[in-house]
Amino acid sequence: MRTAIRLVPFLLLAAPAAAQSPPAVRAGDHQRYARAIAAGYKAYFLCDGLFTAGRRERQVEALELRGIYPEYDAIVPTLAARVDRVGRGVSVSFDRALPPRRATWAAGAGCTLAPIGAEPVSRPPAGAAPRALGPDPRRWPMGDAGIAPRPGAALAGVVARAFEGGFGHRTETVGVVVLRDGKVVAERYRDGFGPYVPNRTWSVAKSITGTLVGLSGVDPSRPAAIPEWRRPGDPRARVTLDQLLRMSSGLHSDTPGNRTDALYFGGTAVTEQATGWPLSSRPGTFFRYANNDILLATRALRAALGEARYRALPGRLFAPLGMRHTVAESDWQGNYLLSSAVWTTARDLARLGQFWLQDGMWQGRRLLPAGWMRYMTTARAPQPERDEGYGASIWLFGPAQGLPAGSYSAQGNRGQYVMVVPSERLVVVRRGEDPTGARFDVARFTADVIAAR
């Protein structure tokens with residue numbers, strides 16, 4: 001008995017010393033993992049920049065790979081990249097014990113990032129590197145013929161200020177397109193970009209997802225068809241597709257805004273990670289902006305539609321609208337990453353905004369169900385704790401932001417915006433590569449565009 005009593009102080013004294021070791025190990029693991037993610041980020045963006053956008057390596061490194069997430073911003077420039085123009089891929093080394101991170105391009109699919117630790121796969125030569133698509137000879141809006149914007153001095157001045165940092169300190173505007181009554185009335189690009197050079201939509205893709213749900217015919221009021229939640233007793237089985245689109249699933253996630261670095265840059269799959277989060281509130285009662293909600297909405301579409309219809313779904317939107325410079329990308333297991341990973345041009349986003357403005361009608365054909373845009377742009381509880389409201393995958397603006405009632409916007413990281421002002425018959429697209437911490441004031445920019453009639 002005395003022996004047991006004597007052991008207690010030893011255990012109590014030994015515990016703090018033992019507890020000091022794991023943090024040191026974890027710190028090393030964290031740094032190794034951060035390097036793996038940074039390498040994936042670089043491989044992925046160089047791959048798309050070179051093979052999807054047709055930009056040069058030094059251009060991508062100078063803009064798209066600068067001012068990124070702070071955890072990786074200092075690491076990325078230190079990692080060596082190898083471009084494989086025959087196999088159409090990019091490899092980035094980051095650790096002696098693990099293979100380089102690799103992203104590979106395929107026609108119509110963009111770039112796909114392999115998981116951390118994946119060994120290189122032998123592939124037959126892919127032939128000549130792809131050439132960026134040029135102008136479509138059809139007339140606007142289906143093609144690029146007949147576009148001859150002649151903005152007045154006031155509107156030209158507003159657009160110029162967007163490129164000069166006039167709507168946000170340190171912002172980097174790379175493209176602007178303004179439509180009024182469906183016609184291009186202003187257009188401008190930064191050097192290295194242009195009407196046919198795509199860049200990543202980031203979260204503008206979420207509003208594309210809301211549009212694709214409308215095209216799919218799947219009832220958003222029903223529980224989302226997530227196969228991983230079908231086990232009897234899983235409380236997540238009652239989460240509806242509508243709640244996923246409205247960011248009110250009730251699912252927990254690890255960070256505000258739900259950074260999904262492991263999915264976007266680590267090469268994990270939607271079905272491995274997004275489906276695994278537990279509930280932290282009752283579905284439909286709490287707004288939490290989350291990449292996972294939209295990733296799960298697309299997972300539900302895959303299960304509900306079947307593989308062939310799922311794979312064809314983005315093309316059912318892009319092709320009829322003439323969005324021929326737009327591509328939706330997937331994880332390595334074939335799940336669309338439609339919370340962020342779409343590459344497109346300012347003109348293609350202007351087409352999409354005009355399609356929304358026309359209530360899902362295009363060239364005299366109804367593509368979206370009647371009332372779907374009203375559904376996407378109608379706020380329901382719960383709502384975010386900020387001035388802007390949120391509909392079903394789209395942000396809502398109005399007098400509180402200095403804009404006409406009924407305005408709405410798709411928007412994404414690094415300054416991607418598609419603003420629609422129905423009362424003005426106006427679509428404003430702003431593409432950016434803004435560094436972390438810089439914010440472009442799209443509401444003020446749009447208000448100034450309206451004033452510069």
# chains A, B, ... in the order shown; residues from 1 in each chain; ligands from 1
>>> residues_around(residues="Asp441 of chain A", least_positions_apart="6", cutoff="10 Å", atoms="only C-alpha atoms", output="list in words")
Ala162, Gly166, Phe167, Gly168, His169, Thr171 and Gly415 of chain A
>>> write_last_selection(atoms="N, CA and C atoms", output="mmCIF file, in the first residue's frame")
data_model
loop_
_atom_site.group_PDB
_atom_site.id
_atom_site.type_symbol
_atom_site.label_atom_id
_atom_site.label_comp_id
_atom_site.auth_asym_id
_atom_site.auth_seq_id
_atom_site.Cartn_x
_atom_site.Cartn_y
_atom_site.Cartn_z
ATOM 1 N N ALA A 162 -10.553 51.265 -60.665
ATOM 2 C CA ALA A 162 -10.504 49.887 -60.164
ATOM 3 C C ALA A 162 -9.129 49.281 -60.355
ATOM 4 N N GLY A 166 -8.285 52.318 -56.452
ATOM 5 C CA GLY A 166 -9.238 53.300 -55.968
ATOM 6 C C GLY A 166 -10.370 52.730 -55.132
ATOM 7 N N PHE A 167 -10.558 51.417 -55.142
ATOM 8 C CA PHE A 167 -11.645 50.807 -54.376
ATOM 9 C C PHE A 167 -11.130 49.811 -53.345
ATOM 10 N N GLY A 168 -9.883 49.990 -52.964
ATOM 11 C CA GLY A 168 -9.309 49.136 -51.933
ATOM 12 C C GLY A 168 -7.796 49.161 -51.985
ATOM 13 N N HIS A 169 -7.178 49.448 -50.855
ATOM 14 C CA HIS A 169 -5.725 49.557 -50.780
ATOM 15 C C HIS A 169 -5.081 48.217 -51.100
ATOM 16 N N THR A 171 -5.210 46.411 -53.662
ATOM 17 C CA THR A 171 -5.954 45.484 -54.496
ATOM 18 C C THR A 171 -5.318 45.377 -55.878
ATOM 19 N N GLY A 415 -10.856 38.627 -54.560
ATOM 20 C CA GLY A 415 -11.547 39.709 -55.243
ATOM 21 C C GLY A 415 -12.297 39.337 -56.498
#
>>> select_by_dssp(residues="segment 139-363 of chain A", states="strand (DSSP E)", output="PyMOL selection string")
chain A and resi 173-180+183-189+199-200+327-328+342-344+361-362
>>> write_last_selection(atoms="N, CA, C and O atoms", output="compact mmCIF listing (two decimals), in the first residue's frame")
# COMPACT_ATOMS: atom_id res chain seq x y z
N THR A 173 -6.58 44.44 -59.47
CA THR A 173 -7.62 44.14 -60.45
C THR A 173 -6.97 43.61 -61.72
O THR A 173 -6.01 44.20 -62.23
N VAL A 174 -7.51 42.49 -62.25
CA VAL A 174 -6.97 41.94 -63.49
C VAL A 174 -7.98 41.98 -64.63
O VAL A 174 -7.60 41.77 -65.79
N GLY A 175 -9.25 42.25 -64.33
CA GLY A 175 -10.23 42.34 -65.40
C GLY A 175 -11.54 42.94 -64.92
O GLY A 175 -11.95 42.72 -63.78
N VAL A 176 -12.18 43.72 -65.79
CA VAL A 176 -13.51 44.30 -65.52
C VAL A 176 -14.33 44.21 -66.80
O VAL A 176 -13.84 44.55 -67.88
N VAL A 177 -15.56 43.76 -66.66
CA VAL A 177 -16.53 43.81 -67.75
C VAL A 177 -17.83 44.37 -67.17
O VAL A 177 -18.29 43.92 -66.11
N VAL A 178 -18.42 45.33 -67.86
CA VAL A 178 -19.70 45.92 -67.46
C VAL A 178 -20.70 45.71 -68.59
O VAL A 178 -20.43 46.06 -69.75
N LEU A 179 -21.85 45.14 -68.25
CA LEU A 179 -22.94 44.97 -69.20
C LEU A 179 -24.11 45.86 -68.80
O LEU A 179 -24.44 45.96 -67.61
N ARG A 180 -24.71 46.51 -69.78
CA ARG A 180 -25.99 47.18 -69.57
C ARG A 180 -26.91 46.76 -70.71
O ARG A 180 -26.53 46.81 -71.88
N LYS A 183 -25.42 44.36 -73.23
CA LYS A 183 -24.33 44.77 -74.11
C LYS A 183 -23.10 45.15 -73.29
O LYS A 183 -23.21 45.75 -72.22
N VAL A 184 -21.92 44.84 -73.84
CA VAL A 184 -20.68 45.22 -73.17
C VAL A 184 -20.46 46.70 -73.36
O VAL A 184 -20.22 47.18 -74.47
N VAL A 185 -20.53 47.45 -72.25
CA VAL A 185 -20.35 48.91 -72.33
C VAL A 185 -18.99 49.34 -71.80
O VAL A 185 -18.58 50.49 -72.01
N ALA A 186 -18.29 48.44 -71.11
CA ALA A 186 -16.94 48.75 -70.64
C ALA A 186 -16.20 47.44 -70.42
O ALA A 186 -16.78 46.45 -69.98
N GLU A 187 -14.90 47.44 -70.73
CA GLU A 187 -14.09 46.24 -70.57
C GLU A 187 -12.63 46.66 -70.52
O GLU A 187 -12.17 47.48 -71.32
N ARG A 188 -11.89 46.07 -69.57
CA ARG A 188 -10.48 46.41 -69.45
C ARG A 188 -9.76 45.26 -68.73
O ARG A 188 -10.35 44.60 -67.87
N TYR A 189 -8.47 45.06 -69.06
CA TYR A 189 -7.68 43.98 -68.46
C TYR A 189 -6.29 44.46 -68.09
O TYR A 189 -5.74 45.37 -68.73
N ASN A 199 -8.99 32.86 -64.90
CA ASN A 199 -8.38 32.64 -63.60
C ASN A 199 -9.45 32.02 -62.68
O ASN A 199 -10.60 31.85 -63.07
N ARG A 200 -9.04 31.65 -61.48
CA ARG A 200 -9.90 30.86 -60.59
C ARG A 200 -11.04 31.71 -60.04
O ARG A 200 -10.83 32.85 -59.62
N VAL A 327 -14.04 25.99 -67.10
CA VAL A 327 -13.88 24.57 -66.78
C VAL A 327 -14.08 24.36 -65.29
O VAL A 327 -13.60 25.15 -64.47
N ALA A 328 -14.84 23.31 -64.95
CA ALA A 328 -15.05 22.92 -63.55
C ALA A 328 -14.10 21.78 -63.22
O ALA A 328 -14.05 20.77 -63.93
N VAL A 342 -13.34 26.52 -60.13
CA VAL A 342 -13.76 26.76 -61.51
C VAL A 342 -12.84 27.82 -62.08
O VAL A 342 -12.54 28.81 -61.41
N TRP A 343 -12.37 27.61 -63.30
CA TRP A 343 -11.53 28.59 -63.98
C TRP A 343 -12.33 29.18 -65.13
O TRP A 343 -12.92 28.45 -65.93
N THR A 344 -12.37 30.51 -65.19
CA THR A 344 -13.21 31.16 -66.19
C THR A 344 -12.72 32.58 -66.44
O THR A 344 -11.86 33.10 -65.72
N MET A 361 -33.36 32.63 -68.49
CA MET A 361 -33.68 32.55 -69.91
C MET A 361 -32.42 32.89 -70.72
O MET A 361 -31.63 33.74 -70.32
N TRP A 362 -32.23 32.22 -71.86
CA TRP A 362 -31.07 32.51 -72.70
C TRP A 362 -31.43 32.28 -74.16
O TRP A 362 -31.88 31.19 -74.52
>>> atom_distance(atom1="atom CA of Leu352 of chain A", atom2="atom CA of Thr378 of chain A")
18.6 Å
>>> select_by_dssp(residues="segment 165-318 of chain A", states="helix (DSSP H, G or I)", output="MDAnalysis selection string")
chainID A and resid 204:216 227:229 235:238 241:245 261:264 270:276 291:305 307:318
>>> closest_residue(among="A:Ile226, A:Ala319, A:Leu65, A:Ala97", to="Thr78 of chain A", atoms="only C-alpha atoms")
A:Leu65
>>> residues_around(residues="Ala304 of chain A", least_positions_apart="5", cutoff="9 Å", atoms="only C-alpha atoms", output="list of chain:residue names")
A:Val218, A:Ala224, A:Ala225, A:Ile226, A:Arg299, A:Tyr310
>>> residues_around(residues="Phe51 of chain A", least_positions_apart="4", cutoff="12 Å", atoms="only C-alpha atoms", output="PyMOL selection string")
chain A and resi 43-47+55-57+60+83-90+103-112+128-133+197-199+343
>>> closest_residue(among="A:Pro220, A:Gly67, A:Gly192, A:Gly432", to="Val418 of chain A", atoms="only C-alpha atoms")
A:Gly432
>>> residues_around(residues="segment 393-409 of chain A", least_positions_apart="2", cutoff="7 Å", atoms="only C-alpha atoms", output="PyMOL selection string")
chain A and resi 206-207+210+245-246+376-377+387-391+411+417-422+443+447
>>> write_last_selection(atoms="C-alpha atoms", output="short mmCIF file (atom, residue, chain, number, x, y, z; two decimals), in the first residue's frame")
data_model
loop_
_atom_site.label_atom_id
_atom_site.label_comp_id
_atom_site.auth_asym_id
_atom_site.auth_seq_id
_atom_site.Cartn_x
_atom_site.Cartn_y
_atom_site.Cartn_z
CA LYS A 206 -20.72 28.46 -55.01
CA SER A 207 -23.28 30.50 -56.94
CA GLY A 210 -26.77 26.96 -56.88
CA LEU A 245 -27.08 26.00 -50.28
CA ARG A 246 -28.06 28.49 -47.56
CA MET A 376 -31.61 31.83 -55.13
CA THR A 377 -31.98 35.53 -54.27
CA ASP A 387 -24.97 43.89 -43.55
CA GLU A 388 -25.26 41.70 -46.63
CA GLY A 389 -27.88 38.98 -46.68
CA TYR A 390 -27.55 35.50 -48.12
CA GLY A 391 -29.89 33.57 -50.36
CA GLN A 411 -18.14 36.64 -54.83
CA TYR A 417 -17.26 39.48 -58.09
CA VAL A 418 -20.30 39.17 -60.31
CA MET A 419 -22.73 41.91 -59.26
CA VAL A 420 -26.25 42.00 -60.74
CA VAL A 421 -28.49 45.06 -60.36
CA PRO A 422 -31.85 44.14 -61.92
CA ALA A 443 -20.57 47.86 -53.60
CA ALA A 447 -22.59 52.38 -57.17
#
>>> residues_around(residues="segment 252-264 of chain A", least_positions_apart="6", cutoff="9 Å", atoms="only C-alpha atoms", output="mmCIF file with C-alpha atoms, in the first residue's frame")
data_model
loop_
_atom_site.group_PDB
_atom_site.id
_atom_site.type_symbol
_atom_site.label_atom_id
_atom_site.label_comp_id
_atom_site.auth_asym_id
_atom_site.auth_seq_id
_atom_site.Cartn_x
_atom_site.Cartn_y
_atom_site.Cartn_z
ATOM 1 C CA ILE A 37 0.177 22.004 -48.703
ATOM 2 C CA GLY A 40 0.353 21.445 -53.648
ATOM 3 C CA TYR A 41 -0.753 25.067 -53.906
ATOM 4 C CA TYR A 44 -1.893 23.353 -58.752
ATOM 5 C CA LEU A 113 -3.973 17.490 -57.768
ATOM 6 C CA VAL A 270 -14.667 15.406 -50.866
ATOM 7 C CA GLN A 273 -13.254 14.839 -45.632
ATOM 8 C CA ALA A 274 -16.348 16.948 -46.236
ATOM 9 C CA TRP A 277 -18.008 16.613 -39.934
ATOM 10 C CA PRO A 278 -20.566 16.260 -37.094
ATOM 11 C CA LEU A 279 -23.479 18.518 -36.306
ATOM 12 C CA SER A 280 -22.894 21.378 -33.887
ATOM 13 C CA SER A 281 -26.369 22.942 -34.150
ATOM 14 C CA ARG A 288 -22.154 29.354 -40.892
ATOM 15 C CA TYR A 289 -20.421 30.153 -44.159
ATOM 16 C CA ALA A 290 -18.736 26.902 -45.138
ATOM 17 C CA ASN A 291 -17.041 25.429 -48.173
ATOM 18 C CA ASN A 292 -18.159 22.022 -46.938
ATOM 19 C CA ASP A 331 -10.588 16.087 -56.856
ATOM 20 C CA LEU A 337 -14.844 21.045 -56.277
ATOM 21 C CA SER A 340 -14.106 27.138 -55.511
ATOM 22 C CA ALA A 341 -12.309 25.305 -58.323
#
>>> closest_residue(among="A:Asp242, A:Glu272, A:Asp293, A:Asp181", to="Arg380 of chain A", atoms="only C-alpha atoms")
A:Asp242
